[in-house]
Amino acid sequence: MGLTRIQLFLECLGIKNYFCGIGESSISDKEIKITAYPFKPSLAYPSIQLKPEQIAAITVGFSSCGLYVQDDILFVSEEKKELLKDFAKRNQISLVPHNFN
């Protein structure tokens, strides 16, 4: 079995322990909270609470989802895809295709 795309991406970044997870996230009507985020120096490390106006765009891919915040992409579990789509629609945040560049 080969590496997933996210594993290849993390390997390219030099992150050796890519099985550390991407933290925990909870999504409410007007806020996304991320805790135990393992990627330092991300602005989400070790935790962050985001209001809709802080999120420039959201990507919902096939293996992970992401929040575009300032100059950072914050990873969110693919399990939250439908909740993220609803959050984006409710708060008028653009859904954008995942960019591997």
# chains A, B, ... in the order shown; residues from 1 in each chain; ligands from 1
call {"tool": "residues_around", "arguments": {"residues": "His98 of chain A", "least_positions_apart": "2", "cutoff": "9 Å", "atoms": "only C-alpha atoms", "output": "list of chain:residue names"}}
result
A:Ile58, A:Thr59, A:Val60, A:Gly61, A:Cys65, A:Gly66, A:Val96, A:Phe100
call {"tool": "atom_distance", "arguments": {"atom1": "atom CA of Ser28 of chain A", "atom2": "atom CA of Ile93 of chain A"}}
result
14.5 Å
call {"tool": "residues_around", "arguments": {"residues": "Gln54 of chain A", "least_positions_apart": "6", "cutoff": "10 Å", "atoms": "only C-alpha atoms", "output": "list of chain:residue names"}}
result
A:Glu31, A:Leu67, A:Tyr68, A:Val69, A:Gln70, A:Ile93
call {"tool": "write_last_selection", "arguments": {"atoms": "C-alpha atoms", "output": "PDB file, in the first residue's frame"}}
result
ATOM      1  CA  GLU A  31     -17.122  29.478  14.964  1.00  0.00           C
ATOM      2  CA  LEU A  67      -9.157  26.628   5.993  1.00  0.00           C
ATOM      3  CA  TYR A  68      -7.343  29.531   4.354  1.00  0.00           C
ATOM      4  CA  VAL A  69      -6.542  31.912   7.197  1.00  0.00           C
ATOM      5  CA  GLN A  70      -4.079  34.778   6.759  1.00  0.00           C
ATOM      6  CA  ILE A  93     -17.300  31.826   2.716  1.00  0.00           C
TER       7      ILE A  93
END
call {"tool": "closest_residue", "arguments": {"among": "A:Glu24, A:Pro38, A:Val76, A:Lys30", "to": "Gln92 of chain A", "atoms": "only C-alpha atoms"}}
result
A:Lys30
call {"tool": "atom_distance", "arguments": {"atom1": "atom CA of Phe75 of chain A", "atom2": "atom CA of Ser47 of chain A"}}
result
12.3 Å
call {"tool": "closest_residue", "arguments": {"among": "A:Asp72, A:Glu79, A:Ser64, A:Tyr45", "to": "Pro97 of chain A", "atoms": "only C-alpha atoms"}}
result
A:Ser64
call {"tool": "residues_around", "arguments": {"residues": "Tyr37 of chain A", "least_positions_apart": "2", "cutoff": "12 Å", "atoms": "only C-alpha atoms", "output": "PDB file with C-alpha atoms, in the first residue's frame"}}
result
ATOM      1  CA  CYS A  20       0.469  12.495  14.578  1.00  0.00           C
ATOM      2  CA  GLY A  21      -2.975  13.540  13.311  1.00  0.00           C
ATOM      3  CA  ILE A  22      -4.229  17.007  12.471  1.00  0.00           C
ATOM      4  CA  GLY A  23      -5.769  17.930  15.787  1.00  0.00           C
ATOM      5  CA  GLU A  24      -9.410  18.076  16.761  1.00  0.00           C
ATOM      6  CA  SER A  25     -11.987  20.470  15.407  1.00  0.00           C
ATOM      7  CA  LYS A  33     -12.426  25.665  17.104  1.00  0.00           C
ATOM      8  CA  ILE A  34      -9.240  23.675  16.481  1.00  0.00           C
ATOM      9  CA  THR A  35      -7.340  22.080  19.361  1.00  0.00           C
ATOM     10  CA  PHE A  39       2.026  21.795  13.211  1.00  0.00           C
ATOM     11  CA  LYS A  40       4.325  24.406  14.672  1.00  0.00           C
ATOM     12  CA  PRO A  41       4.672  27.342  13.700  1.00  0.00           C
ATOM     13  CA  SER A  42       1.122  27.376  12.292  1.00  0.00           C
ATOM     14  CA  LEU A  43      -1.094  30.078  13.744  1.00  0.00           C
ATOM     15  CA  ALA A  44      -3.401  27.276  14.931  1.00  0.00           C
ATOM     16  CA  TYR A  45      -0.670  25.711  17.084  1.00  0.00           C
ATOM     17  CA  PRO A  46      -1.664  24.504  19.631  1.00  0.00           C
ATOM     18  CA  SER A  47      -5.245  25.806  19.354  1.00  0.00           C
ATOM     19  CA  ILE A  48      -7.350  28.533  17.780  1.00  0.00           C
ATOM     20  CA  GLN A  49     -10.935  29.766  17.625  1.00  0.00           C
ATOM     21  CA  LEU A  74      -5.181  24.876   8.484  1.00  0.00           C
ATOM     22  CA  PHE A  75      -5.963  21.209   7.946  1.00  0.00           C
ATOM     23  CA  VAL A  76      -9.283  19.788   9.125  1.00  0.00           C
ATOM     24  CA  SER A  77     -10.298  16.145   9.056  1.00  0.00           C
TER      25      SER A  77
END
call {"tool": "closest_residue", "arguments": {"among": "A:Ile73, A:Leu83, A:Ile32, A:Leu95", "to": "Pro52 of chain A", "atoms": "only C-alpha atoms"}}
result
A:Ile32
call {"tool": "atom_distance", "arguments": {"atom1": "atom CA of Lys85 of chain A", "atom2": "atom CA of Asp29 of chain A"}}
result
11.7 Å
call {"tool": "select_by_dssp", "arguments": {"residues": "segment 22-97 of chain A", "states": "strand (DSSP E or B)", "output": "list in words"}}
result
Glu24, Ser25, Ser26, Ile27, Ile32, Lys33, Ile34, Thr35, Ile48, Gln49, Leu50, Ala57, Ile58, Thr59, Val60, Cys65, Gly66, Leu67, Tyr68, Val69, Asp72, Ile73, Leu74, Phe75, Val76, Ser94 and Leu95 of chain A
call {"tool": "select_by_dssp", "arguments": {"residues": "segment 4-92 of chain A", "states": "helix (DSSP H, G or I)", "output": "list in words"}}
result
Arg5, Ile6, Gln7, Leu8, Phe9, Leu10, Glu11, Cys12, Pro52, Glu53, Gln54, Glu78, Glu79, Lys80, Lys81, Glu82, Leu83, Leu84, Lys85, Asp86, Phe87, Ala88, Lys89 and Arg90 of chain A
